[in-house]
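Only one structure is covered here, and it is reproduced in the block below.
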Amino acid sequence: ANTLTSTSSTGISNNPSVQDSVAALGDGTPSMSEFESQITKLTIITFIVSMCVALPIALLPAALLHATNAISKTRCEQLSLETGQLVSKLLLRIMPFAHVEVESEPDEEPVPSIWVCNHTSMLDVFFLLAFDGKLRGKNKRPIKSVYWKGLDDNPICRLLFQMSGFIPVEMADNGSGNPNEYDARSFKCLLKESRKAFEDGFDLLVFPEGQLNPWPEEGLLEVFPGALKLAEMSGRPIRMVAIHGLHRLWHPDDNIGMTVTGRDVKMRAYPGPGRTYTRKDDDEFIATLYNVVGTFGSRGEDLPSEDLKKWLDGTAWKEEQRRITDF
C-alpha cells in the first residue's frame, strides 16, 4: 500500500494575517482571536443547517427507488452511505472551517474488516464520512457504524443512519465522561444486525469508548471490548483510525460546546492487514488502542515509528508480558 498524506485547507488557515494572530498556548492548543472564533462557529452552524437541508433532498432518490422495489435494501443502504459521504465532502469544501490533514496507507485490495476509532466531537461522523476515501482508499468497502440510539432524536441523524443501515445500541444518556450504562437486550440486536452487515459485504465501524470523550488530551476513556466480540464472531481483523483536534471546533463538554479554539484537524488510518483478536486478547486489544489511537488522539502525532510498529504487530504487548513475568 502507498502512504497517502493529504491536506484540505480553509482559505483562512493559510492566510498570513490570520496566522499572525494565532499564538500557541503552553499545552500546544492554538489561541484564536474572538472574531476568528465567532466566524468559525458561524460557519460550523451554517454547515450543520446545510446538512439538514441537503441530506433529505439528496437521499430522496434512494428512498424512492427502494420504496418502488427498484433496488434492494442493501443497495439502498450503499447508495445512502455514498450520498452521505458525498454531501459531507461537498459541504466541507464549500464551508471549509477546518484545516484537515489525513495520513493513511490505503489498501489496493481491502479485506473485510472491523474499524475502531476514538470519539471526541459531534463532528466526528461528518468528517469520517467526508474523508473516508482518503482514509481507506479509493477501493474502500462499504461500511456501517454502530451508534448510540439516542442520536435518533435528531431527525437528520435518524434519516441518514437508518437509510445507511447503521446499527443502534441502547444506553442511558449519562453525559460525556460518565460510566456507560448499556441495555443488554440491545446487544442481541447488535449481533444480529452485524452478522447481516457482514453477509451483505459491509465493514463495521465501532467507537470503543462508547461515548464522546470530554478529555481527549488525556487519552482515551474506558474502552469496551465489544469490537473484540464482533471480530471473533466474524473472524475479521481489527483496523484502527484516530482523530485529533475536532474537539477544538465542537467540544463534547456542554460548558464549552462551540467555543472554537482551533481549526487544525488530523486524521490517521493505520496500515493493514490489522490484527485478528479473540476475547482472550481483550487486555492486549485495549492496551494497543490506548497506545496507538489514544496517543494520536491526545497529541496529534504517533508514537515513535519503532514503538508504533511493535504495538501494531503485537510485539510490544509480548514484551510487556515478559517484563511482568520476569518481575
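Lettering and numbering for the C-alpha cells are positional, with chains as A, B, ... in the shown order, residues counted from 1 in each chain, and ligands counted from 1 in the shown order.
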For Val169 (chain A), please output as a PDB file with C-alpha atoms, in the first residue's frame all residues within 12 Å (counting only C-alpha atoms; exclusion window: fewer than 5 positions along the same chain).
ATOM      1  CA  SER A 145     -21.359   2.339  12.016  1.00  0.00           C
ATOM      2  CA  VAL A 146     -22.524   1.268  15.458  1.00  0.00           C
ATOM      3  CA  TYR A 147     -24.073   4.307  17.185  1.00  0.00           C
ATOM      4  CA  TRP A 148     -25.970   5.395  20.289  1.00  0.00           C
ATOM      5  CA  LYS A 149     -29.696   5.179  19.587  1.00  0.00           C
ATOM      6  CA  GLY A 150     -30.287   8.467  21.402  1.00  0.00           C
ATOM      7  CA  LEU A 151     -28.948  10.213  18.290  1.00  0.00           C
ATOM      8  CA  ASP A 152     -32.162   9.175  16.549  1.00  0.00           C
ATOM      9  CA  ASN A 180     -21.770   3.872  30.249  1.00  0.00           C
ATOM     10  CA  GLU A 181     -24.984   2.021  31.133  1.00  0.00           C
ATOM     11  CA  TYR A 182     -25.930  -0.252  28.245  1.00  0.00           C
ATOM     12  CA  ASP A 183     -29.228  -2.008  27.708  1.00  0.00           C
ATOM     13  CA  ALA A 184     -28.086  -5.636  27.485  1.00  0.00           C
ATOM     14  CA  ARG A 185     -31.111  -6.506  25.339  1.00  0.00           C
ATOM     15  CA  SER A 186     -29.882  -4.250  22.544  1.00  0.00           C
ATOM     16  CA  PHE A 187     -26.729  -6.349  22.158  1.00  0.00           C
ATOM     17  CA  LYS A 188     -28.748  -9.217  20.692  1.00  0.00           C
ATOM     18  CA  CYS A 189     -29.944  -6.830  18.004  1.00  0.00           C
ATOM     19  CA  LEU A 190     -26.374  -5.563  17.544  1.00  0.00           C
ATOM     20  CA  LEU A 191     -25.046  -9.072  16.955  1.00  0.00           C
ATOM     21  CA  GLU A 193     -27.555  -6.752  12.562  1.00  0.00           C
ATOM     22  CA  SER A 194     -23.764  -7.076  12.483  1.00  0.00           C
ATOM     23  CA  VAL A 206     -17.148   0.907  16.257  1.00  0.00           C
ATOM     24  CA  PHE A 207     -16.332   3.627  18.805  1.00  0.00           C
ATOM     25  CA  GLY A 210     -18.983   4.184  23.743  1.00  0.00           C
ATOM     26  CA  GLN A 211     -19.394   7.939  24.169  1.00  0.00           C
ATOM     27  CA  GLY A 226     -17.407  -5.037  22.055  1.00  0.00           C
TER      28      GLY A 226
END
Quiz item: Running DSSP on the backbone, which parts of region 120-215 of chain A land in strand (DSSP E), as a ChimeraX atom specification?
Solution: /A:143-148,167-169,203-206
Quiz prompt | region 303-309 of chain A surroundings by only C-alpha atoms, 10 Å radius, close-in-sequence under 3 positions cut, as a PyMOL selection string | solution = chain A and resi 270-271+288+291-293+295-296+299+312-316
Exercise. Point out the residue among A:Ile238, A:Leu65, A:Leu159, A:Leu92 with the least atom-to-atom distance to Val111 (chain A), counting only C-alpha atoms.
Key: A:Ile238
Determine, using only C-alpha atoms, which residues of region 153-271 of chain A have any atom at most 9 Å from an atom of region 94-109 of chain A, and tabulate each with its shortest atom pair and distance in Å to one decimal place, rows ordered by chain and then rising number, as a tab-separated table.
residue	atom	partner	partner_atom	distance
A:Leu246	CA	A:Ala98	CA	8.6
A:Leu249	CA	A:Ala98	CA	8.2
A:Gly262	CA	A:Ala98	CA	8.4
A:Arg263	CA	A:Ala98	CA	4.7
A:Asp264	CA	A:His99	CA	4.9
A:Val265	CA	A:Val100	CA	4.7
A:Lys266	CA	A:Glu101	CA	4.8
A:Met267	CA	A:Val102	CA	4.8
A:Arg268	CA	A:Glu103	CA	4.9
A:Ala269	CA	A:Ser104	CA	4.8
A:Tyr270	CA	A:Ser104	CA	6.2
A:Pro271	CA	A:Glu105	CA	5.4
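Distances from A:Leu90, A:Val49, A:Val116, A:Ile57 to Tyr290 (chain A) were compared using only C-alpha atoms, and the smallest one belongs to A:Val116.
Using only C-alpha atoms for every distance, the candidate list A:Ser298, A:Glu209, A:Leu230, A:Glu218 yields A:Glu209 as the residue closest to Asn118 (chain A).
Take CA of Val125 (chain A) and CA of Glu36 (chain A): the distance between them is 24.3 Å.
Distances here use only C-alpha atoms; by that measure, the residue among A:Thr120, A:Asn139, A:Thr68, A:Asn255 closest to Leu220 (chain A) is A:Thr120.
Comparing A:Pro155, A:Pro273, A:Gly257, A:Pro225 by their smallest distance to Ser113 (chain A), the closest is A:Pro273 (using only C-alpha atoms).
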Practice problem: Using only C-alpha atoms, determine which residues lie at most 12 Å from Ile114 (chain A), disregarding the query and same-chain residues fewer than 4 positions distant; provide the list as a PyMOL selection string. | Solution: chain A and resi 110+141-146+194+197-198+201-208+226-241+272-277
Exercise. Assign secondary structure with DSSP using the backbone only, and return the residues of region 37-256 of chain A in alpha helix (DSSP H) as number ranges by chain.
Key: A: 37-67, 73-94, 124-130, 132-136, 155-163, 185-199, 226-234
